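Student: Sending over my_file-v2.csv (CSV, C-alpha atoms and all ligand atoms).
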```csv
chain,number,residue,atom,x,y,z
A,1,MET,CA,-35.0,94.4,-88.9
A,2,ALA,CA,-38.6,95.4,-88.0
A,3,GLN,CA,-39.6,98.8,-89.3
A,4,LEU,CA,-42.7,100.9,-88.8
A,5,HIS,CA,-43.6,102.7,-92.0
A,6,ILE,CA,-45.5,105.9,-91.4
A,7,ASN,CA,-47.0,107.5,-94.5
A,8,LEU,CA,-47.2,111.2,-93.6
A,9,SER,CA,-49.1,112.1,-96.8
A,10,LYS,CA,-51.9,109.5,-95.9
A,11,LEU,CA,-52.1,110.9,-92.4
A,12,ARG,CA,-52.4,114.4,-93.8
A,13,TYR,CA,-55.0,113.3,-96.3
A,14,ASN,CA,-57.1,111.5,-93.6
A,15,ALA,CA,-56.9,114.6,-91.4
A,16,VAL,CA,-58.0,116.9,-94.2
A,17,MET,CA,-60.9,114.6,-95.2
A,18,LEU,CA,-62.1,114.2,-91.6
A,19,GLN,CA,-61.8,117.9,-91.0
A,20,HIS,CA,-63.9,118.6,-94.1
A,21,LEU,CA,-66.6,116.0,-93.1
A,22,LEU,CA,-66.9,117.5,-89.6
A,23,THR,CA,-66.6,121.1,-90.5
A,24,LYS,CA,-69.4,121.0,-93.1
A,25,ARG,CA,-71.6,119.7,-90.2
A,26,GLY,CA,-70.5,122.6,-88.0
A,27,ILE,CA,-68.4,120.3,-85.8
A,28,GLN,CA,-64.8,121.1,-84.8
A,29,MET,CA,-62.3,118.2,-85.0
A,30,ILE,CA,-59.7,117.9,-82.3
A,31,PRO,CA,-57.1,115.3,-83.4
A,32,VAL,CA,-56.1,112.9,-80.6
A,33,THR,CA,-52.4,112.3,-80.6
A,34,LYS,CA,-52.1,109.9,-77.7
A,35,GLY,CA,-51.7,107.0,-80.2
A,36,VAL,CA,-48.6,108.5,-81.8
A,37,ALA,CA,-46.6,109.3,-78.7
A,38,GLY,CA,-46.4,113.0,-79.4
A,39,ASP,CA,-44.5,112.3,-82.7
A,40,ALA,CA,-43.1,115.7,-83.9
A,41,LYS,CA,-43.4,114.9,-87.7
A,42,ILE,CA,-47.1,113.9,-87.2
A,43,LEU,CA,-47.8,117.0,-85.2
A,44,GLU,CA,-46.3,119.0,-88.0
A,45,VAL,CA,-48.6,117.3,-90.5
A,46,LEU,CA,-51.6,118.4,-88.4
A,47,GLN,CA,-50.3,122.0,-88.1
A,48,SER,CA,-49.7,122.1,-91.9
A,49,VAL,CA,-53.4,121.6,-92.6
A,50,GLY,CA,-54.6,124.1,-90.1
A,51,PHE,CA,-55.1,122.3,-86.8
A,52,ASP,CA,-53.9,124.4,-84.0
A,53,SER,CA,-55.3,122.2,-81.2
A,54,VAL,CA,-54.7,118.5,-80.4
A,55,ALA,CA,-55.8,116.3,-77.5
A,56,GLU,CA,-53.2,114.4,-75.4
A,57,SER,CA,-53.5,112.0,-72.5
A,58,ARG,CA,-50.0,112.3,-71.1
A,59,LEU,CA,-48.4,115.4,-69.7
A,60,SER,CA,-45.0,113.9,-70.5
A,61,LEU,CA,-45.8,113.9,-74.2
A,62,ILE,CA,-46.6,117.6,-74.4
A,63,ASP,CA,-44.0,119.6,-76.2
A,64,HIS,CA,-43.4,122.8,-74.2
A,65,LYS,CA,-41.8,124.6,-77.2
A,66,SER,CA,-44.6,123.8,-79.7
A,67,ASP,CA,-47.1,126.6,-80.4
A,68,ILE,CA,-49.9,124.0,-80.7
A,69,HIS,CA,-52.6,124.1,-78.1
A,70,TYR,CA,-53.1,121.0,-76.0
A,71,MET,CA,-56.4,119.6,-74.7
A,72,MET,CA,-55.7,117.2,-71.8
A,73,ILE,CA,-58.3,114.4,-72.1
A,74,LYS,CA,-57.3,112.3,-69.1
A,75,GLY,CA,-58.2,113.6,-65.6
A,76,ALA,CA,-55.2,114.8,-63.6
A,77,SER,CA,-54.3,113.7,-60.1
A,78,PRO,CA,-54.2,116.7,-57.7
A,79,ASN,CA,-50.4,116.8,-57.6
A,80,GLU,CA,-50.3,117.4,-61.4
A,81,VAL,CA,-52.5,120.4,-61.5
A,82,THR,CA,-49.6,122.9,-61.9
A,83,ASP,CA,-48.4,121.1,-65.0
A,84,VAL,CA,-52.0,120.9,-66.4
A,85,VAL,CA,-52.3,124.7,-66.0
A,86,ASP,CA,-48.8,125.4,-67.4
A,87,LEU,CA,-48.9,123.0,-70.3
A,88,THR,CA,-52.5,122.7,-71.6
A,89,SER,CA,-55.0,125.2,-73.0
A,90,VAL,CA,-58.0,123.2,-71.8
A,91,SER,CA,-58.6,120.1,-69.9
A,92,ILE,CA,-61.4,117.6,-69.3
A,93,GLN,CA,-62.2,117.1,-65.6
A,94,THR,CA,-64.5,114.9,-63.6
A,95,GLU,CA,-63.5,115.5,-59.9
A,96,ARG,CA,-64.5,118.5,-57.9
A,97,ALA,CA,-61.4,118.3,-55.7
A,98,THR,CA,-59.1,118.3,-58.7
A,99,ILE,CA,-61.0,121.3,-60.2
A,100,GLN,CA,-60.6,123.1,-56.9
A,101,SER,CA,-56.8,122.5,-57.0
A,102,LEU,CA,-56.7,123.5,-60.6
A,103,ASN,CA,-58.4,126.7,-59.6
A,104,GLU,CA,-55.8,127.4,-57.0
A,105,GLY,CA,-53.0,126.6,-59.4
A,106,ALA,CA,-54.5,128.9,-62.0
A,107,ILE,CA,-55.0,131.8,-59.6
A,108,GLU,CA,-51.4,131.4,-58.4
A,109,LYS,CA,-50.2,131.8,-62.0
A,110,SER,CA,-52.7,134.6,-62.7
A,111,VAL,CA,-54.3,132.7,-65.5
A,112,ILE,CA,-57.7,131.3,-66.1
A,113,HIS,CA,-57.8,127.6,-67.0
A,114,PRO,CA,-60.7,126.5,-69.3
A,115,ILE,CA,-62.2,123.1,-68.6
A,116,LEU,CA,-64.9,120.7,-69.9
A,117,ILE,CA,-66.7,118.5,-67.5
A,118,MET,CA,-66.9,114.9,-68.7
A,119,VAL,CA,-70.2,113.3,-68.1
A,120,ASP,CA,-70.4,109.5,-67.9
A,121,TRP,CA,-73.2,108.7,-70.3
A,122,LYS,CA,-73.0,104.9,-70.7
A,123,ASP,CA,-69.4,104.0,-71.2
A,124,GLY,CA,-68.7,103.5,-67.5
A,125,ARG,CA,-65.0,104.6,-67.7
A,126,GLU,CA,-64.7,108.2,-66.5
A,127,GLY,CA,-67.0,111.1,-65.9
A,128,ALA,CA,-69.3,112.9,-63.5
A,129,LEU,CA,-72.5,111.0,-62.8
A,130,ALA,CA,-75.4,112.7,-64.6
A,131,GLU,CA,-77.1,113.6,-61.3
A,132,GLU,CA,-74.1,115.4,-60.0
A,133,VAL,CA,-73.5,117.6,-63.1
A,134,ILE,CA,-75.8,120.5,-62.2
A,135,GLU,CA,-74.2,120.9,-58.8
A,136,MET,CA,-70.7,120.6,-60.3
A,137,VAL,CA,-71.5,123.3,-62.9
A,138,GLN,CA,-72.8,125.6,-60.2
A,139,ASP,CA,-69.7,125.0,-58.1
A,140,VAL,CA,-67.3,125.7,-61.0
A,141,GLN,CA,-69.1,129.0,-61.7
A,142,GLN,CA,-67.9,130.2,-58.3
A,143,LEU,CA,-64.2,129.6,-59.2
A,144,ASP,CA,-62.2,132.7,-60.4
A,145,GLY,CA,-59.4,130.6,-61.9
A,146,ILE,CA,-61.6,128.3,-64.0
A,147,ARG,CA,-63.7,128.9,-67.0
A,148,LEU,CA,-66.3,126.2,-67.8
A,149,LEU,CA,-66.5,125.9,-71.6
A,150,GLY,CA,-68.9,123.1,-71.6
A,151,LEU,CA,-69.5,119.3,-71.3
A,152,ALA,CA,-67.8,116.3,-72.8
A,153,PHE,CA,-69.1,112.8,-73.5
A,154,ASN,CA,-67.3,109.6,-74.4
A,155,PHE,CA,-68.3,106.2,-75.9
A,156,MET,CA,-66.8,102.8,-76.6
A,157,CYS,CA,-63.7,103.3,-74.5
A,158,PHE,CA,-64.7,100.7,-71.9
A,159,ARG,CA,-68.2,99.3,-72.7
A,160,PRO,CA,-68.8,98.2,-76.3
A,161,LEU,CA,-72.0,100.3,-76.5
A,162,PRO,CA,-72.1,102.5,-79.6
A,163,PRO,CA,-73.8,105.9,-79.3
A,164,THR,CA,-77.3,105.8,-80.8
A,165,HIS,CA,-80.0,108.1,-82.2
A,166,GLU,CA,-81.7,108.0,-78.7
A,167,ASP,CA,-78.4,109.0,-77.0
A,168,ILE,CA,-78.2,112.1,-79.2
A,169,GLU,CA,-81.8,113.1,-78.3
A,170,ARG,CA,-81.3,112.4,-74.6
A,171,ILE,CA,-78.0,114.2,-74.5
A,172,HIS,CA,-79.7,117.2,-76.1
A,173,GLN,CA,-82.4,117.2,-73.4
A,174,PHE,CA,-79.8,116.7,-70.7
A,175,ILE,CA,-77.8,119.7,-71.8
A,176,MET,CA,-80.9,121.9,-72.0
A,177,LYS,CA,-81.9,120.8,-68.5
A,178,VAL,CA,-78.4,121.5,-67.1
A,179,GLU,CA,-78.3,124.9,-68.8
A,180,ALA,CA,-81.8,125.9,-67.6
A,181,GLU,CA,-81.1,124.9,-64.0
A,182,SER,CA,-77.6,126.4,-63.7
A,183,GLY,CA,-78.2,129.4,-65.9
A,184,VAL,CA,-75.1,128.6,-67.8
A,185,GLN,CA,-74.9,128.6,-71.6
A,186,PHE,CA,-72.3,126.0,-72.8
A,187,GLU,CA,-70.0,127.0,-75.7
A,188,ILE,CA,-68.6,123.6,-76.4
A,189,ILE,CA,-70.2,120.2,-76.3
A,190,SER,CA,-67.4,117.7,-77.0
A,191,GLY,CA,-69.6,114.8,-78.0
A,192,GLY,CA,-67.3,111.9,-78.3
A,193,ASN,CA,-64.6,110.1,-80.2
A,194,SER,CA,-64.2,108.1,-83.4
A,195,SER,CA,-67.3,106.0,-82.4
A,196,MET,CA,-69.5,109.0,-83.1
A,197,LEU,CA,-68.6,109.3,-86.8
A,198,SER,CA,-71.1,106.7,-88.2
A,199,LEU,CA,-74.0,108.5,-86.5
A,200,MET,CA,-72.6,111.9,-87.6
A,201,MET,CA,-72.7,110.7,-91.3
A,202,THR,CA,-76.5,110.0,-91.1
A,203,GLN,CA,-78.0,112.4,-88.6
A,204,ASP,CA,-77.7,115.8,-87.0
A,205,LEU,CA,-75.8,115.7,-83.8
A,206,GLY,CA,-77.7,118.5,-82.2
A,207,ARG,CA,-75.7,120.6,-79.7
A,208,ILE,CA,-72.5,118.5,-80.2
A,209,ASN,CA,-70.0,120.9,-81.9
A,210,GLN,CA,-66.7,119.1,-81.2
A,211,LEU,CA,-65.4,115.6,-81.6
A,212,ARG,CA,-62.1,114.2,-80.4
A,213,ILE,CA,-60.8,111.9,-83.2
A,214,GLY,CA,-57.9,109.5,-82.8
A,215,GLU,CA,-58.4,106.0,-84.3
A,216,THR,CA,-60.3,106.9,-87.4
A,217,TRP,CA,-57.7,109.5,-88.4
A,218,LEU,CA,-54.9,107.1,-88.0
A,219,ARG,CA,-56.4,104.0,-89.6
A,220,GLY,CA,-59.5,104.9,-91.6
A,221,TYR,CA,-62.0,102.8,-89.6
A,222,GLU,CA,-64.9,104.1,-87.5
A,223,THR,CA,-65.0,102.4,-84.1
A,224,SER,CA,-68.7,101.7,-83.4
A,225,TYR,CA,-69.0,99.0,-86.0
A,226,ASN,CA,-65.4,98.8,-87.1
A,227,GLU,CA,-66.3,99.8,-90.6
A,228,ARG,CA,-64.1,101.4,-93.2
A,229,VAL,CA,-64.6,105.1,-93.8
A,230,PRO,CA,-64.3,105.0,-97.6
A,231,GLN,CA,-62.9,108.5,-97.9
A,232,LEU,CA,-59.8,107.6,-95.8
A,233,TYR,CA,-56.6,105.6,-96.1
A,234,GLU,CA,-56.5,102.5,-93.9
A,235,ASP,CA,-52.8,101.9,-94.4
A,236,ALA,CA,-51.0,105.0,-93.2
A,237,PHE,CA,-49.1,102.8,-90.7
A,238,LEU,CA,-47.6,99.4,-91.8
A,239,LEU,CA,-45.2,97.2,-89.9
A,240,GLU,CA,-42.5,95.5,-91.9
A,241,GLY,CA,-40.5,92.5,-90.8
A,242,ARG,CA,-38.0,90.2,-92.6
A,243,ILE,CA,-38.0,86.4,-92.8
A,244,ILE,CA,-35.0,85.1,-90.8
A,245,GLU,CA,-35.8,81.3,-91.0
A,246,ILE,CA,-37.9,79.0,-93.1
A,247,LYS,CA,-38.3,75.3,-92.1
A,248,PRO,CA,-40.9,72.6,-92.3
A,249,ARG,CA,-42.6,72.1,-88.9
A,250,TYR,CA,-44.9,69.5,-87.6
A,251,ASP,CA,-48.3,70.5,-86.2
A,252,ILE,CA,-49.0,68.2,-83.2
A,253,GLU,CA,-52.7,68.8,-83.4
A,254,SER,CA,-53.4,68.1,-87.0
A,255,ASN,CA,-50.5,65.6,-87.5
A,256,GLU,CA,-49.5,67.5,-90.6
A,257,THR,CA,-46.4,69.4,-91.6
A,258,TYR,CA,-46.4,73.0,-92.8
A,259,MET,CA,-43.8,75.5,-93.8
A,260,GLN,CA,-43.1,77.9,-91.1
A,261,ALA,CA,-41.3,81.3,-91.4
A,262,LEU,CA,-39.9,83.3,-88.5
A,263,VAL,CA,-40.3,87.0,-88.9
A,264,ASP,CA,-38.2,89.5,-86.9
A,265,ILE,CA,-41.1,91.2,-85.1
A,266,GLY,CA,-42.1,90.4,-81.6
A,267,GLN,CA,-44.2,91.4,-78.6
A,268,LEU,CA,-41.7,94.0,-77.7
A,269,ASP,CA,-42.3,95.8,-81.0
A,270,THR,CA,-46.0,96.0,-81.0
A,271,ASN,CA,-49.3,94.4,-79.9
A,272,VAL,CA,-49.0,91.3,-82.1
A,273,ASN,CA,-52.7,90.4,-81.7
A,274,GLY,CA,-53.4,93.6,-83.6
A,275,LEU,CA,-51.4,92.5,-86.7
A,276,THR,CA,-52.9,91.2,-89.9
A,277,VAL,CA,-50.6,89.9,-92.7
A,278,VAL,CA,-51.2,91.9,-96.0
A,279,ASP,CA,-50.6,88.7,-98.0
A,280,ASP,CA,-53.7,86.8,-96.9
A,281,HIS,CA,-52.2,83.4,-97.8
A,282,LEU,CA,-50.1,83.7,-94.7
A,283,LYS,CA,-51.2,83.2,-91.1
A,284,ILE,CA,-49.6,84.3,-87.8
A,285,ILE,CA,-49.6,81.2,-85.5
A,286,GLY,CA,-47.6,82.5,-82.6
A,287,SER,CA,-45.2,85.1,-81.2
A,288,THR,CA,-42.5,85.5,-78.6
A,289,SER,CA,-40.7,88.7,-77.4
A,290,ASP,CA,-38.8,89.2,-80.6
A,291,ILE,CA,-40.2,86.7,-83.2
A,292,LEU,CA,-43.4,86.0,-85.1
A,293,LEU,CA,-44.2,82.5,-86.2
A,294,VAL,CA,-45.9,82.6,-89.6
A,295,ASP,CA,-47.5,79.7,-91.5
A,296,LEU,CA,-46.6,80.1,-95.1
A,297,GLY,CA,-49.6,78.1,-96.2
A,298,MET,CA,-49.6,77.1,-99.9
A,299,THR,CA,-47.2,79.8,-100.9
A,300,ASP,CA,-43.9,78.8,-102.5
A,301,TYR,CA,-42.5,82.2,-103.3
A,302,TYR,CA,-41.0,83.3,-100.0
A,303,GLN,CA,-37.3,83.3,-99.3
A,304,LEU,CA,-35.0,84.2,-96.5
A,305,GLY,CA,-34.7,87.9,-96.1
A,306,ASP,CA,-38.1,88.7,-97.8
A,307,ARG,CA,-40.2,91.4,-96.4
A,308,ILE,CA,-43.5,90.6,-94.8
A,309,ILE,CA,-46.0,93.5,-94.3
A,310,PHE,CA,-48.6,93.8,-91.6
A,311,GLN,CA,-51.7,96.0,-91.2
A,312,MET,CA,-52.0,97.3,-87.7
A,313,SER,CA,-54.9,97.8,-85.2
A,314,TYR,CA,-55.0,101.0,-83.2
A,315,ASN,CA,-53.4,99.3,-80.2
A,316,ALA,CA,-50.6,97.9,-82.4
A,317,ILE,CA,-50.0,101.4,-83.9
A,318,ALA,CA,-50.0,103.0,-80.4
A,319,GLN,CA,-47.7,100.5,-78.9
A,320,SER,CA,-45.2,100.6,-81.8
A,321,MET,CA,-45.2,104.4,-81.7
A,322,HIS,CA,-44.3,104.3,-78.0
A,323,MET,CA,-41.5,101.9,-78.7
A,324,PRO,CA,-38.2,103.8,-78.9
A,325,TYR,CA,-36.1,100.9,-80.2
A,326,LEU,CA,-38.3,100.3,-83.2
A,327,THR,CA,-37.1,101.9,-86.4
A,328,LYS,CA,-39.6,104.4,-87.8
A,329,HIS,CA,-39.5,105.1,-91.4
A,330,TYR,CA,-41.4,108.2,-92.7
A,331,THR,CA,-42.6,108.4,-96.2
A,332,HIS,CA,-44.2,111.1,-98.4
A,333,ASP,CA,-46.3,110.5,-101.5
A,334,ASP,CA,-46.3,113.3,-104.1
A,335,GLY,CA,-49.5,112.0,-105.7
A,336,ILE,CA,-51.5,112.2,-102.5
A,337,GLU,CA,-50.0,115.6,-101.6
A,338,ALA,CA,-51.3,116.9,-105.0
A,339,LEU,CA,-54.7,115.5,-104.3
A,340,ILE,CA,-54.8,117.3,-100.9
A,341,ASP,CA,-53.7,120.6,-102.5
A,342,GLY,CA,-56.4,120.2,-105.1
A,343,PHE,CA,-59.0,119.4,-102.6
A,344,LYS,CA,-58.1,122.2,-100.3
A,345,SER,CA,-58.0,124.8,-103.0
A,346,THR,CA,-61.5,123.9,-104.1
A,347,LYS,CA,-63.0,123.5,-100.7
A,348,ILE,CA,-61.0,126.2,-98.9
A,349,LYS,CA,-64.1,128.1,-98.0
A,350,SER,CA,-65.5,125.3,-96.0
A,351,PHE,CA,-62.5,125.0,-93.7
A,352,SER,CA,-62.2,126.7,-90.5
A,353,LYS,CA,-60.0,126.4,-87.5
A,401,LIG,C1,-58.7,108.2,-76.5
A,401,LIG,C2,-59.7,109.2,-76.3
A,401,LIG,C3,-60.3,109.8,-77.4
A,401,LIG,C4,-60.1,109.4,-78.9
A,401,LIG,O1,-60.7,108.1,-79.1
A,401,LIG,P1,-60.7,107.5,-80.6
A,401,LIG,O2,-61.6,106.3,-80.5
A,401,LIG,O3,-59.2,107.1,-80.8
A,401,LIG,O4,-61.1,108.5,-81.5
A,401,LIG,C5,-61.3,110.8,-77.2
A,401,LIG,N1,-61.6,111.2,-75.9
A,401,LIG,C6,-61.0,110.6,-74.8
A,401,LIG,C7,-61.4,111.1,-73.5
A,401,LIG,C8,-60.0,109.6,-75.0
A,401,LIG,O5,-59.5,109.0,-73.9
```
Render the structure in this file as structure tokens.
Ligand SMILES: *Cc1c(COP(=O)(O)O)cnc(C)c1O

Tutor:
Amino acid sequence: MAQLHINLSKLRYNAVMLQHLLTKRGIQMIPVTKGVAGDAKILEVLQSVGFDSVAESRLSLIDHKSDIHYMMIKGASPNEVTDVVDLTSVSIQTERATIQSLNEGAIEKSVIHPILIMVDWKDGREGALAEEVIEMVQDVQQLDGIRLLGLAFNFMCFRPLPPTHEDIERIHQFIMKVEAESGVQFEIISGGNSSMLSLMMTQDLGRINQLRIGETWLRGYETSYNERVPQLYEDAFLLEGRIIEIKPRYDIESNETYMQALVDIGQLDTNVNGLTVVDDHLKIIGSTSDILLVDLGMTDYYQLGDRIIFQMSYNAIAQSMHMPYLTKHYTHDDGIEALIDGFKSTKIKSFSK
């Protein structure tokens, strides 16, 4: 049976290390939980190391009973504004009409809803156009139910254009200009996602004082150049399947025979294109809804019932976490927990919420 192994100690370790790397540069880390489908055990891991805010993209995954603060990172449609006001502590917005409805929703509930305005810098997915930002900021200032905390930026979600040194400088100038012309001083500049980490390691990010981090926390790779972050675990999530058939098959292209194993993982369990076999002698050659076809190559040690372990891309993790019929197996590692405790007790002063 296919099983998703989730190593909670490695997720805790990655969260602590990232929090440390960001905090020492004066940047707040908001863990993005949309890839783990609101998993309660993973949220608990975050809370246990001091995170009291997380970012989500689906209102349906927000746990009403949790005392964690949610940042809503996907714009709402106007009919969702009551839920956004009720369920989230801050949201990222891009449309004036939606902000207007949020304002009415907040006033009705006698609360003030904090927002960040997302600016489309060069990713081309969401965000206010740079030239409309000043006017939007001035508009929002007039709304009694909305508090404008600052601006947000995003990279590498749609266009594969990593943030660069020039972007940081131009973002800085842009912020100064908006502040000067609107008379507003921004508290928070939420400068991006995991794709900002490479740049953060080598240069000052200026006014950026918050990053929303999903992928790098979950799988230990930064996302601009897909490079390992050496301080982090890359295998907190592993997918395990079992061999249910081994037969020689004939390859009609090469006219050669090979040994093929069927593994009980399929397209309904994960994004199979995001799987890599840990044993690199093996190769995935195809998939159907419930089965992976694996070329056993030159190996002669696999038998029926053997486990095959796969590393997972972010999409594969996210899809598997959203799959209710896939068995999830949570593990702890006492050694890693001891490392975390040691690290936290020596570095405790450099942590802040
Ligand atoms: C998904 C998402 C993130 C997190 O991106 P990662 O690459 O997983 O770190 C941050 N901000 C927004 C708006 C997102 O949609």

Student: Quick one: residues within 12 Å of region 130-137 of chain A, all atoms listed in the file counted, chain neighbours fewer than 5 positions away excluded, as a ChimeraX atom specification?

Tutor: /A:93-100,115-122,124,142-143,146-153,170-171,174-186

Student: Closest to Tyr233 (chain A) among A:Leu304, A:Leu218, A:Ile30, A:Leu262, using all atoms listed in the file?

Tutor: A:Leu218

Student: For a test of reading the model, state the distance in Å between CA of Gln47 (chain A) and CA of Ile336 (chain A), rounded to one decimal.

Tutor: 17.5 Å

Student: Would you give me, as a Markdown table, each residue of chain A having an atom within 7 Å of an atom of ligand LIG 401 (chain A), along with its shortest atom pair and that distance in Å to one decimal, using all atoms listed in the file and sorting by chain and residue number?

Tutor:
```
| residue | atom | partner | partner_atom | distance |
| --- | --- | --- | --- | --- |
| A:Val32 | CA | A:LIG401 | C4 | 5.6 |
| A:Lys34 | CA | A:LIG401 | C1 | 6.9 |
| A:Ser57 | CA | A:LIG401 | O5 | 6.9 |
| A:Ile73 | CA | A:LIG401 | C7 | 4.7 |
| A:Lys74 | CA | A:LIG401 | C7 | 6.1 |
| A:Asn154 | CA | A:LIG401 | N1 | 6.1 |
| A:Gly192 | CA | A:LIG401 | C5 | 6.2 |
| A:Asn193 | CA | A:LIG401 | O4 | 4.1 |
| A:Ser194 | CA | A:LIG401 | O4 | 3.7 |
| A:Ser195 | CA | A:LIG401 | O2 | 6.0 |
| A:Arg212 | CA | A:LIG401 | C5 | 4.7 |
| A:Ile213 | CA | A:LIG401 | O4 | 3.8 |
| A:Gly214 | CA | A:LIG401 | O3 | 3.4 |
| A:Glu215 | CA | A:LIG401 | O3 | 3.8 |
| A:Thr216 | CA | A:LIG401 | O4 | 6.2 |
| A:Thr223 | CA | A:LIG401 | O2 | 6.3 |
```

Student: So which residues touch region 162-166 of chain A within 10 Å, counting all atoms listed in the file, skipping near sequence neighbours fewer than 3 positions away, as a list of chain:residue names?

Tutor: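 In the requested format, the answer is A:Trp121, A:Lys122, A:Asp123, A:Asn154, A:Phe155, A:Met156, A:Cys157, A:Arg159, A:Glu169, A:Arg170, A:Ile171, A:His172, A:Gly191, A:Gly192, A:Ser195, A:Met196, A:Leu197, A:Ser198, A:Leu199, A:Met200, A:Thr202, A:Gln203, A:Asp204, A:Leu205, A:Thr223, A:Ser224, A:Tyr225.
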
Student: Atoms to include: C-alpha atoms. Write the selected residues as a compact mmCIF listing (two decimals), in the frame of the given file.

Tutor:
```txt
# COMPACT_ATOMS: atom_id res chain seq x y z
CA TRP A 121 -73.20 108.70 -70.30
CA LYS A 122 -73.00 104.90 -70.70
CA ASP A 123 -69.40 104.00 -71.20
CA ASN A 154 -67.30 109.60 -74.40
CA PHE A 155 -68.30 106.20 -75.90
CA MET A 156 -66.80 102.80 -76.60
CA CYS A 157 -63.70 103.30 -74.50
CA ARG A 159 -68.20 99.30 -72.70
CA GLU A 169 -81.80 113.10 -78.30
CA ARG A 170 -81.30 112.40 -74.60
CA ILE A 171 -78.00 114.20 -74.50
CA HIS A 172 -79.70 117.20 -76.10
CA GLY A 191 -69.60 114.80 -78.00
CA GLY A 192 -67.30 111.90 -78.30
CA SER A 195 -67.30 106.00 -82.40
CA MET A 196 -69.50 109.00 -83.10
CA LEU A 197 -68.60 109.30 -86.80
CA SER A 198 -71.10 106.70 -88.20
CA LEU A 199 -74.00 108.50 -86.50
CA MET A 200 -72.60 111.90 -87.60
CA THR A 202 -76.50 110.00 -91.10
CA GLN A 203 -78.00 112.40 -88.60
CA ASP A 204 -77.70 115.80 -87.00
CA LEU A 205 -75.80 115.70 -83.80
CA THR A 223 -65.00 102.40 -84.10
CA SER A 224 -68.70 101.70 -83.40
CA TYR A 225 -69.00 99.00 -86.00
```

Student: In Å, with one decimal, what is the gap from CA of Ala40 (chain A) to CA of Gly274 (chain A)?

Tutor: 24.4 Å

Student: Pick the closest to Ile107 (chain A) from A:Asp144, A:Glu234, A:Asp63, A:Asp83: which is it, counting all atoms listed in the file?

Tutor: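 Of all the options, A:Asp144 lies closest to Ile107 (chain A).
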
Student: Can you work out which one of A:Val49, A:Gln19, A:Ile265, A:Lys24 has the shortest atom-to-atom distance to Asp341 (chain A), counting all atoms listed in the file?

Tutor: A:Val49
